[in-house]
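Enquirer: Got a structure for you, written out below as structure tokens; questions coming shortly.
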Amino acid sequence: VSVLYWVFMRSAPLVVAAALVLAAAVVTPAAALTTKVVAGSEDCFHEWATPGVTINVAFAVTHGGKLDVDAKAKVFYYSDSKHEVVEEELQSWSLASEGHAEFRAPANTQNKPTKMEICISNKMARWTPKWVNFEFYKLLPTNDDGVTGEHNSRFRDLEDRLHEQSRAVYDMRMKMQKLRQVEEEHRNTVESTNSWLFYGALCNGALLATMAIFQFWYLKNFLTVRNAVMRM
């Protein structure tokens, strides 16, 4: 701690760089994947968070149909007042292409973790499956190191700044994630357009070849019959 304080007092640029690195470390991805939700089905996924941790989930439909699904985000946490696990619905989406939900795991005397669950439904579709990209994020809380006095206030201020930077890094990461999703959607659109152009050109070429063969056959038969008539 003393070394970090000396660096902070003597070299501000190094502290800023260290702050950014530590801020990035505060934001931890819990799980990320792309799943295929078949027509008429619903898939649910969950992630655990310890008390005090802010957990986020974001999803986006990248391929399939009109890029729309129904989704629901819920949390299960222990309530000291009710002495039982409480289920709470955070947010629900209907025919949505993307969504985001956030929840801070509450503290409890049992120190039990909180479970965040997201259910992605494609029950409205009869035949078309949907590909959904989703990811859980955890934002770690500030911790009291037990140090008191003037030194604690200085380092507490530094820690608060680190968490401000971590929040900025998290917001930037969410924007980058959305840009990647938009890029993937545009890439799928371009690939689909290229496929349609290729098969359209192939069909057009086959049609032209068929018409050329038919015209050759028709003209050949016409000239053969004309020569026979002229000889008579």
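All residue names refer to the structure tokens as shown: chains lettered A, B, ... in order, residues numbered from 1 in each chain, ligands numbered from 1 in order.
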Can you list every residue in range 62-184 of chain A that DSSP puts in strand (DSSP E or B), as a tab-separated table (two decimals) with all heavy atoms, in the first residue's frame?
Expert:
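result.tsv written:
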chain	number	residue	atom	x	y	z
A	62	THR	N	-28.87	-12.32	-33.19
A	62	THR	CA	-27.94	-12.06	-34.29
A	62	THR	C	-28.39	-12.66	-35.62
A	62	THR	O	-27.93	-12.23	-36.66
A	62	THR	CB	-26.56	-12.62	-33.94
A	62	THR	OG1	-26.66	-14.04	-33.69
A	62	THR	CG2	-25.99	-11.94	-32.70
A	63	HIS	N	-29.27	-13.67	-35.57
A	63	HIS	CA	-29.67	-14.30	-36.83
A	63	HIS	C	-30.99	-15.05	-36.61
A	63	HIS	O	-31.26	-15.55	-35.53
A	63	HIS	CB	-28.58	-15.29	-37.29
A	63	HIS	CG	-28.83	-15.86	-38.65
A	63	HIS	ND1	-28.80	-15.09	-39.80
A	63	HIS	CD2	-29.11	-17.12	-39.06
A	63	HIS	CE1	-29.05	-15.87	-40.84
A	63	HIS	NE2	-29.24	-17.10	-40.42
A	69	VAL	N	-37.21	-12.04	-30.19
A	69	VAL	CA	-37.51	-13.09	-29.22
A	69	VAL	C	-38.23	-12.47	-28.03
A	69	VAL	O	-38.23	-11.25	-27.85
A	69	VAL	CB	-36.23	-13.81	-28.72
A	69	VAL	CG1	-35.56	-14.59	-29.83
A	69	VAL	CG2	-35.26	-12.81	-28.09
A	70	ASP	N	-38.85	-13.32	-27.24
A	70	ASP	CA	-39.38	-12.91	-25.94
A	70	ASP	C	-38.37	-13.32	-24.88
A	70	ASP	O	-37.79	-14.42	-24.95
A	70	ASP	CB	-40.73	-13.58	-25.67
A	70	ASP	CG	-41.81	-13.13	-26.65
A	70	ASP	OD1	-41.67	-12.01	-27.20
A	70	ASP	OD2	-42.78	-13.88	-26.85
A	71	ALA	N	-38.14	-12.46	-23.92
A	71	ALA	CA	-37.14	-12.75	-22.89
A	71	ALA	C	-37.62	-12.22	-21.55
A	71	ALA	O	-38.45	-11.31	-21.47
A	71	ALA	CB	-35.79	-12.14	-23.25
A	72	LYS	N	-37.07	-12.82	-20.49
A	72	LYS	CA	-37.43	-12.43	-19.14
A	72	LYS	C	-36.21	-12.61	-18.24
A	72	LYS	O	-35.57	-13.66	-18.25
A	72	LYS	CB	-38.60	-13.25	-18.63
A	72	LYS	CG	-39.10	-12.86	-17.25
A	72	LYS	CD	-40.29	-13.73	-16.84
A	72	LYS	CE	-41.45	-13.55	-17.78
A	72	LYS	NZ	-42.64	-14.33	-17.32
A	73	ALA	N	-35.88	-11.57	-17.47
A	73	ALA	CA	-34.76	-11.61	-16.52
A	73	ALA	C	-35.31	-11.62	-15.10
A	73	ALA	O	-36.13	-10.76	-14.74
A	73	ALA	CB	-33.83	-10.41	-16.73
A	74	LYS	N	-34.86	-12.59	-14.30
A	74	LYS	CA	-35.31	-12.74	-12.93
A	74	LYS	C	-34.11	-12.92	-12.00
A	74	LYS	O	-33.04	-13.34	-12.44
A	74	LYS	CB	-36.25	-13.93	-12.79
A	74	LYS	CG	-37.52	-13.82	-13.59
A	74	LYS	CD	-38.43	-15.01	-13.36
A	74	LYS	CE	-37.84	-16.30	-13.88
A	74	LYS	NZ	-38.76	-17.44	-13.72
A	75	VAL	N	-34.32	-12.62	-10.73
A	75	VAL	CA	-33.28	-12.83	-9.71
A	75	VAL	C	-33.90	-13.60	-8.54
A	75	VAL	O	-35.10	-13.46	-8.24
A	75	VAL	CB	-32.68	-11.51	-9.20
A	75	VAL	CG1	-31.81	-10.87	-10.27
A	75	VAL	CG2	-33.75	-10.54	-8.74
A	76	PHE	N	-33.06	-14.41	-7.91
A	76	PHE	CA	-33.45	-15.16	-6.73
A	76	PHE	C	-32.45	-14.84	-5.63
A	76	PHE	O	-31.25	-15.14	-5.76
A	76	PHE	CB	-33.45	-16.66	-7.03
A	76	PHE	CG	-34.35	-17.07	-8.16
A	76	PHE	CD1	-33.91	-16.99	-9.47
A	76	PHE	CD2	-35.63	-17.52	-7.92
A	76	PHE	CE1	-34.72	-17.37	-10.52
A	76	PHE	CE2	-36.46	-17.90	-8.97
A	76	PHE	CZ	-36.01	-17.82	-10.28
A	77	TYR	N	-32.91	-14.22	-4.55
A	77	TYR	CA	-32.02	-13.82	-3.47
A	77	TYR	C	-32.68	-14.09	-2.12
A	77	TYR	O	-33.90	-14.17	-2.01
A	77	TYR	CB	-31.64	-12.33	-3.58
A	77	TYR	CG	-32.82	-11.39	-3.51
A	77	TYR	CD1	-33.25	-10.86	-2.30
A	77	TYR	CD2	-33.49	-11.02	-4.67
A	77	TYR	CE1	-34.32	-10.00	-2.23
A	77	TYR	CE2	-34.58	-10.16	-4.61
A	77	TYR	CZ	-34.99	-9.65	-3.39
A	77	TYR	OH	-36.07	-8.80	-3.34
A	78	TYR	N	-31.81	-14.23	-1.11
A	78	TYR	CA	-32.31	-14.51	0.23
A	78	TYR	C	-32.69	-13.22	0.93
A	78	TYR	O	-31.92	-12.25	0.97
A	78	TYR	CB	-31.24	-15.25	1.05
A	78	TYR	CG	-31.71	-15.64	2.43
A	78	TYR	CD1	-32.48	-16.78	2.62
A	78	TYR	CD2	-31.36	-14.87	3.54
A	78	TYR	CE1	-32.90	-17.14	3.89
A	78	TYR	CE2	-31.78	-15.22	4.81
A	78	TYR	CZ	-32.56	-16.36	4.98
A	78	TYR	OH	-32.98	-16.71	6.24
A	79	SER	N	-33.89	-13.19	1.50
A	79	SER	CA	-34.39	-12.01	2.20
A	79	SER	C	-34.36	-12.28	3.70
A	79	SER	O	-34.95	-13.26	4.18
A	79	SER	CB	-35.82	-11.69	1.75
A	79	SER	OG	-36.37	-10.64	2.51
A	84	GLU	N	-36.44	-16.35	3.64
A	84	GLU	CA	-36.58	-17.30	2.54
A	84	GLU	C	-36.04	-16.67	1.26
A	84	GLU	O	-35.74	-15.47	1.21
A	84	GLU	CB	-38.05	-17.68	2.34
A	84	GLU	CG	-38.95	-16.51	1.96
A	84	GLU	CD	-40.38	-16.92	1.75
A	84	GLU	OE1	-40.68	-18.11	1.92
A	84	GLU	OE2	-41.21	-16.03	1.42
A	85	VAL	N	-35.89	-17.51	0.25
A	85	VAL	CA	-35.42	-17.04	-1.05
A	85	VAL	C	-36.57	-16.39	-1.80
A	85	VAL	O	-37.65	-16.98	-1.94
A	85	VAL	CB	-34.83	-18.20	-1.87
A	85	VAL	CG1	-34.42	-17.71	-3.26
A	85	VAL	CG2	-33.63	-18.81	-1.15
A	86	VAL	N	-36.35	-15.17	-2.25
A	86	VAL	CA	-37.38	-14.39	-2.93
A	86	VAL	C	-37.08	-14.36	-4.43
A	86	VAL	O	-35.93	-14.18	-4.84
A	86	VAL	CB	-37.44	-12.95	-2.37
A	86	VAL	CG1	-38.48	-12.13	-3.12
A	86	VAL	CG2	-37.75	-12.98	-0.89
A	87	GLU	N	-38.11	-14.54	-5.21
A	87	GLU	CA	-38.00	-14.44	-6.67
A	87	GLU	C	-38.54	-13.08	-7.12
A	87	GLU	O	-39.64	-12.68	-6.75
A	87	GLU	CB	-38.79	-15.56	-7.35
A	87	GLU	CG	-38.79	-15.47	-8.87
A	87	GLU	CD	-39.62	-16.57	-9.52
A	87	GLU	OE1	-39.98	-17.53	-8.80
A	87	GLU	OE2	-39.91	-16.46	-10.72
A	88	GLU	N	-37.75	-12.39	-7.92
A	88	GLU	CA	-38.15	-11.06	-8.40
A	88	GLU	C	-37.87	-10.95	-9.89
A	88	GLU	O	-36.79	-11.30	-10.36
A	88	GLU	CB	-37.38	-9.97	-7.65
A	88	GLU	CG	-37.70	-8.55	-8.11
A	88	GLU	CD	-36.89	-7.50	-7.37
A	88	GLU	OE1	-36.34	-7.83	-6.31
A	88	GLU	OE2	-36.80	-6.36	-7.89
A	89	GLU	N	-38.86	-10.47	-10.61
A	89	GLU	CA	-38.70	-10.26	-12.05
A	89	GLU	C	-38.14	-8.87	-12.29
A	89	GLU	O	-38.74	-7.87	-11.91
A	89	GLU	CB	-40.02	-10.43	-12.78
A	89	GLU	CG	-39.92	-10.23	-14.29
A	89	GLU	CD	-41.24	-10.45	-15.00
A	89	GLU	OE1	-42.02	-11.33	-14.56
A	89	GLU	OE2	-41.51	-9.72	-15.98
A	90	LEU	N	-36.98	-8.82	-12.94
A	90	LEU	CA	-36.35	-7.53	-13.22
A	90	LEU	C	-36.95	-6.84	-14.42
A	90	LEU	O	-37.32	-5.66	-14.38
A	90	LEU	CB	-34.84	-7.72	-13.44
A	90	LEU	CG	-34.02	-8.17	-12.25
A	90	LEU	CD1	-32.56	-8.31	-12.65
A	90	LEU	CD2	-34.14	-7.17	-11.11
A	91	GLN	N	-37.04	-7.57	-15.51
A	91	GLN	CA	-37.51	-6.97	-16.76
A	91	GLN	C	-37.95	-8.08	-17.71
A	91	GLN	O	-37.44	-9.20	-17.65
A	91	GLN	CB	-36.40	-6.13	-17.40
A	91	GLN	CG	-36.87	-5.20	-18.49
A	91	GLN	CD	-35.78	-4.22	-18.91
A	91	GLN	OE1	-34.75	-4.14	-18.27
A	91	GLN	NE2	-36.01	-3.48	-19.97
A	92	SER	N	-38.88	-7.75	-18.56
A	92	SER	CA	-39.32	-8.68	-19.59
A	92	SER	C	-39.37	-7.96	-20.93
A	92	SER	O	-39.62	-6.75	-20.98
A	92	SER	CB	-40.70	-9.27	-19.25
A	92	SER	OG	-41.68	-8.25	-19.17
A	93	TRP	N	-39.13	-8.71	-21.99
A	93	TRP	CA	-39.12	-8.15	-23.34
A	93	TRP	C	-40.04	-8.99	-24.22
A	93	TRP	O	-40.12	-10.21	-24.09
A	93	TRP	CB	-37.72	-8.17	-23.94
A	93	TRP	CG	-36.70	-7.40	-23.18
A	93	TRP	CD1	-36.31	-6.10	-23.37
A	93	TRP	CD2	-35.89	-7.87	-22.09
A	93	TRP	NE1	-35.34	-5.74	-22.50
A	93	TRP	CE2	-35.05	-6.80	-21.70
A	93	TRP	CE3	-35.78	-9.10	-21.42
A	93	TRP	CZ2	-34.14	-6.93	-20.66
A	93	TRP	CZ3	-34.88	-9.21	-20.39
A	93	TRP	CH2	-34.07	-8.14	-20.01
A	94	SER	N	-40.73	-8.32	-25.12
A	94	SER	CA	-41.62	-8.98	-26.07
A	94	SER	C	-41.21	-8.60	-27.49
A	94	SER	O	-41.14	-7.40	-27.81
A	94	SER	CB	-43.07	-8.59	-25.81
A	94	SER	OG	-43.93	-9.18	-26.76
A	95	LEU	N	-40.90	-9.60	-28.29
A	95	LEU	CA	-40.48	-9.40	-29.68
A	95	LEU	C	-39.34	-8.39	-29.75
A	95	LEU	O	-39.37	-7.45	-30.54
A	95	LEU	CB	-41.66	-8.94	-30.54
A	95	LEU	CG	-42.88	-9.87	-30.59
A	95	LEU	CD1	-43.97	-9.27	-31.45
A	95	LEU	CD2	-42.49	-11.25	-31.10
A	96	ALA	N	-38.33	-8.61	-28.92
A	96	ALA	CA	-37.19	-7.68	-28.83
A	96	ALA	C	-35.98	-8.27	-29.54
A	96	ALA	O	-35.79	-9.49	-29.60
A	96	ALA	CB	-36.85	-7.40	-27.37
A	98	GLU	N	-32.83	-7.00	-28.68
A	98	GLU	CA	-31.76	-6.90	-27.70
A	98	GLU	C	-32.33	-6.43	-26.37
A	98	GLU	O	-33.46	-5.92	-26.31
A	98	GLU	CB	-30.66	-5.95	-28.16
A	98	GLU	CG	-31.13	-4.53	-28.38
A	98	GLU	CD	-30.02	-3.62	-28.86
A	98	GLU	OE1	-29.01	-4.12	-29.36
A	98	GLU	OE2	-30.17	-2.39	-28.71
A	99	GLY	N	-31.54	-6.60	-25.31
A	99	GLY	CA	-31.99	-6.17	-24.00
A	99	GLY	C	-30.86	-6.21	-22.99
A	99	GLY	O	-29.83	-6.85	-23.21
A	100	HIS	N	-31.07	-5.52	-21.87
A	100	HIS	CA	-30.05	-5.45	-20.82
A	100	HIS	C	-30.74	-5.29	-19.48
A	100	HIS	O	-31.73	-4.56	-19.36
A	100	HIS	CB	-29.10	-4.27	-21.07
A	100	HIS	CG	-28.18	-3.99	-19.93
A	100	HIS	ND1	-28.39	-2.95	-19.05
A	100	HIS	CD2	-27.07	-4.63	-19.49
A	100	HIS	CE1	-27.44	-2.94	-18.13
A	100	HIS	NE2	-26.63	-3.95	-18.37
A	101	ALA	N	-30.23	-6.00	-18.47
A	101	ALA	CA	-30.77	-5.90	-17.11
A	101	ALA	C	-29.61	-5.89	-16.12
A	101	ALA	O	-28.56	-6.49	-16.38
A	101	ALA	CB	-31.72	-7.06	-16.81
A	102	GLU	N	-29.82	-5.21	-14.99
A	102	GLU	CA	-28.77	-5.06	-13.97
A	102	GLU	C	-29.37	-5.23	-12.60
A	102	GLU	O	-30.51	-4.81	-12.34
A	102	GLU	CB	-28.10	-3.69	-14.11
A	102	GLU	CG	-27.02	-3.41	-13.07
A	102	GLU	CD	-26.36	-2.05	-13.28
A	102	GLU	OE1	-25.96	-1.79	-14.42
A	102	GLU	OE2	-26.27	-1.28	-12.31
A	103	PHE	N	-28.61	-5.84	-11.70
A	103	PHE	CA	-29.10	-6.05	-10.34
A	103	PHE	C	-27.90	-6.15	-9.39
A	103	PHE	O	-26.89	-6.78	-9.71
A	103	PHE	CB	-29.93	-7.33	-10.25
A	103	PHE	CG	-30.53	-7.56	-8.90
A	103	PHE	CD1	-31.64	-6.85	-8.48
A	103	PHE	CD2	-29.99	-8.51	-8.03
A	103	PHE	CE1	-32.21	-7.06	-7.24
A	103	PHE	CE2	-30.55	-8.73	-6.78
A	103	PHE	CZ	-31.67	-8.00	-6.39
A	104	ARG	N	-28.03	-5.50	-8.24
A	104	ARG	CA	-26.99	-5.56	-7.21
A	104	ARG	C	-27.40	-6.59	-6.16
A	104	ARG	O	-28.46	-6.46	-5.54
A	104	ARG	CB	-26.78	-4.20	-6.57
A	104	ARG	CG	-25.70	-4.17	-5.50
A	104	ARG	CD	-25.59	-2.79	-4.87
A	104	ARG	NE	-24.64	-2.76	-3.77
A	104	ARG	CZ	-23.33	-2.52	-3.92
A	104	ARG	NH1	-22.85	-2.30	-5.14
A	104	ARG	NH2	-22.54	-2.52	-2.88
A	114	THR	N	-26.73	-14.57	-4.81
A	114	THR	CA	-27.92	-14.26	-5.61
A	114	THR	C	-27.78	-14.90	-6.98
A	114	THR	O	-26.71	-14.90	-7.57
A	114	THR	CB	-28.08	-12.74	-5.76
A	114	THR	OG1	-28.30	-12.17	-4.47
A	114	THR	CG2	-29.25	-12.39	-6.67
A	115	LYS	N	-28.87	-15.45	-7.46
A	115	LYS	CA	-28.89	-16.06	-8.79
A	115	LYS	C	-29.67	-15.18	-9.75
A	115	LYS	O	-30.82	-14.83	-9.49
A	115	LYS	CB	-29.51	-17.46	-8.76
A	115	LYS	CG	-29.48	-18.15	-10.13
A	115	LYS	CD	-30.01	-19.57	-10.05
A	115	LYS	CE	-31.51	-19.61	-9.96
A	115	LYS	NZ	-32.06	-20.98	-10.12
A	116	MET	N	-29.02	-14.79	-10.86
A	116	MET	CA	-29.71	-14.09	-11.93
A	116	MET	C	-29.99	-15.07	-13.05
A	116	MET	O	-29.10	-15.82	-13.48
A	116	MET	CB	-28.89	-12.91	-12.45
A	116	MET	CG	-29.51	-12.25	-13.69
A	116	MET	SD	-28.57	-10.83	-14.31
A	116	MET	CE	-29.19	-9.54	-13.23
A	117	GLU	N	-31.20	-15.05	-13.53
A	117	GLU	CA	-31.62	-15.99	-14.58
A	117	GLU	C	-32.26	-15.22	-15.72
A	117	GLU	O	-33.03	-14.29	-15.51
A	117	GLU	CB	-32.61	-17.00	-14.01
A	117	GLU	CG	-33.11	-18.03	-15.02
A	117	GLU	CD	-34.11	-18.98	-14.41
A	117	GLU	OE1	-35.29	-18.57	-14.25
A	117	GLU	OE2	-33.74	-20.13	-14.09
A	118	ILE	N	-31.91	-15.62	-16.93
A	118	ILE	CA	-32.55	-15.05	-18.12
A	118	ILE	C	-33.12	-16.19	-18.96
A	118	ILE	O	-32.45	-17.20	-19.19
A	118	ILE	CB	-31.57	-14.19	-18.95
A	118	ILE	CG1	-32.31	-13.57	-20.15
A	118	ILE	CG2	-30.36	-14.98	-19.41
A	118	ILE	CD1	-31.53	-12.50	-20.86
A	119	CYS	N	-34.37	-16.05	-19.34
A	119	CYS	CA	-35.05	-17.04	-20.17
A	119	CYS	C	-35.36	-16.41	-21.53
A	119	CYS	O	-35.98	-15.34	-21.59
A	119	CYS	CB	-36.35	-17.51	-19.51
A	119	CYS	SG	-36.08	-18.43	-17.97
A	120	ILE	N	-34.92	-17.08	-22.57
A	120	ILE	CA	-35.10	-16.60	-23.94
A	120	ILE	C	-36.09	-17.52	-24.63
A	120	ILE	O	-35.85	-18.73	-24.74
A	120	ILE	CB	-33.77	-16.56	-24.69
A	120	ILE	CG1	-32.77	-15.70	-23.93
A	120	ILE	CG2	-33.95	-16.03	-26.11
A	120	ILE	CD1	-31.37	-15.77	-24.48
A	121	SER	N	-37.19	-16.96	-25.09
A	121	SER	CA	-38.28	-17.75	-25.66
A	121	SER	C	-38.43	-17.48	-27.15
A	121	SER	O	-38.41	-16.34	-27.60
A	121	SER	CB	-39.60	-17.43	-24.94
A	121	SER	OG	-40.68	-18.08	-25.56
A	130	LYS	N	-33.76	-19.10	-33.81
A	130	LYS	CA	-33.09	-17.81	-33.58
A	130	LYS	C	-31.74	-18.06	-32.91
A	130	LYS	O	-31.62	-18.91	-32.04
A	130	LYS	CB	-33.95	-16.90	-32.68
A	130	LYS	CG	-35.38	-16.70	-33.16
A	130	LYS	CD	-35.48	-15.87	-34.39
A	130	LYS	CE	-36.91	-15.80	-34.91
A	130	LYS	NZ	-37.88	-15.24	-33.95
A	131	TRP	N	-30.75	-17.31	-33.35
A	131	TRP	CA	-29.43	-17.35	-32.72
A	131	TRP	C	-29.28	-16.12	-31.85
A	131	TRP	O	-29.39	-14.98	-32.33
A	131	TRP	CB	-28.34	-17.41	-33.78
A	131	TRP	CG	-28.16	-18.77	-34.37
A	131	TRP	CD1	-27.22	-19.70	-34.04
A	131	TRP	CD2	-28.93	-19.37	-35.43
A	131	TRP	NE1	-27.36	-20.84	-34.80
A	131	TRP	CE2	-28.40	-20.66	-35.67
A	131	TRP	CE3	-30.02	-18.94	-36.18
A	131	TRP	CZ2	-28.93	-21.51	-36.63
A	131	TRP	CZ3	-30.55	-19.78	-37.13
A	131	TRP	CH2	-30.00	-21.06	-37.34
A	132	VAL	N	-29.02	-16.34	-30.56
A	132	VAL	CA	-28.97	-15.26	-29.58
A	132	VAL	C	-27.59	-15.24	-28.92
A	132	VAL	O	-27.10	-16.26	-28.44
A	132	VAL	CB	-30.06	-15.42	-28.51
A	132	VAL	CG1	-30.03	-14.26	-27.53
A	132	VAL	CG2	-31.43	-15.53	-29.16
A	133	ASN	N	-26.99	-14.07	-28.91
A	133	ASN	CA	-25.72	-13.86	-28.24
A	133	ASN	C	-25.99	-13.14	-26.92
A	133	ASN	O	-26.60	-12.08	-26.90
A	133	ASN	CB	-24.80	-13.02	-29.13
A	133	ASN	CG	-23.42	-12.83	-28.51
A	133	ASN	OD1	-23.09	-13.49	-27.54
A	133	ASN	ND2	-22.64	-11.93	-29.06
A	134	PHE	N	-25.54	-13.73	-25.80
A	134	PHE	CA	-25.77	-13.10	-24.51
A	134	PHE	C	-24.54	-13.28	-23.63
A	134	PHE	O	-23.70	-14.15	-23.85
A	134	PHE	CB	-27.02	-13.67	-23.81
A	134	PHE	CG	-26.85	-15.07	-23.33
A	134	PHE	CD1	-26.45	-15.34	-22.03
A	134	PHE	CD2	-27.10	-16.14	-24.18
A	134	PHE	CE1	-26.30	-16.63	-21.58
A	134	PHE	CE2	-26.95	-17.44	-23.74
A	134	PHE	CZ	-26.55	-17.68	-22.44
A	135	GLU	N	-24.45	-12.41	-22.61
A	135	GLU	CA	-23.28	-12.41	-21.74
A	135	GLU	C	-23.64	-11.85	-20.38
A	135	GLU	O	-24.40	-10.90	-20.27
A	135	GLU	CB	-22.14	-11.60	-22.37
A	135	GLU	CG	-20.83	-11.71	-21.64
A	135	GLU	CD	-19.66	-11.18	-22.46
A	135	GLU	OE1	-19.92	-10.66	-23.57
A	135	GLU	OE2	-18.52	-11.30	-22.01
A	136	PHE	N	-23.08	-12.48	-19.34
A	136	PHE	CA	-23.21	-11.99	-17.98
A	136	PHE	C	-21.96	-11.19	-17.61
A	136	PHE	O	-20.85	-11.59	-17.98
A	136	PHE	CB	-23.38	-13.14	-16.99
A	136	PHE	CG	-24.70	-13.82	-17.06
A	136	PHE	CD1	-24.88	-14.98	-17.79
A	136	PHE	CD2	-25.80	-13.31	-16.37
A	136	PHE	CE1	-26.10	-15.62	-17.85
A	136	PHE	CE2	-27.03	-13.94	-16.42
A	136	PHE	CZ	-27.18	-15.10	-17.16
A	137	TYR	N	-22.16	-10.08	-16.90
A	137	TYR	CA	-21.04	-9.27	-16.40
A	137	TYR	C	-21.21	-9.07	-14.90
A	137	TYR	O	-22.33	-8.94	-14.40
A	137	TYR	CB	-21.01	-7.89	-17.08
A	137	TYR	CG	-20.68	-7.90	-18.54
A	137	TYR	CD1	-21.69	-7.89	-19.48
A	137	TYR	CD2	-19.37	-7.92	-18.98
A	137	TYR	CE1	-21.40	-7.90	-20.83
A	137	TYR	CE2	-19.07	-7.92	-20.32
A	137	TYR	CZ	-20.09	-7.91	-21.25
A	137	TYR	OH	-19.81	-7.91	-22.59
A	138	LYS	N	-20.07	-9.04	-14.22
A	138	LYS	CA	-20.07	-8.75	-12.78
A	138	LYS	C	-19.21	-7.52	-12.52
A	138	LYS	O	-18.09	-7.44	-13.01
A	138	LYS	CB	-19.53	-9.94	-11.98
A	138	LYS	CG	-20.41	-11.17	-12.02
A	138	LYS	CD	-19.80	-12.30	-11.21
A	138	LYS	CE	-20.65	-13.55	-11.29
A	138	LYS	NZ	-20.05	-14.67	-10.51
A	139	LEU	N	-19.74	-6.60	-11.72
A	139	LEU	CA	-19.01	-5.42	-11.30
A	139	LEU	C	-18.72	-5.56	-9.82
A	139	LEU	O	-19.62	-5.53	-8.99
A	139	LEU	CB	-19.84	-4.16	-11.57
A	139	LEU	CG	-19.14	-2.83	-11.31
A	139	LEU	CD1	-17.92	-2.66	-12.22
A	139	LEU	CD2	-20.10	-1.67	-11.51
Enquirer: Taking the DSSP assignment computed from this structure's backbone, write out as an MDAnalysis selection string all residues of range 23-193 of chain A that belong to alpha helix (DSSP H).
Expert: chainID A and resid 23:26 150:193
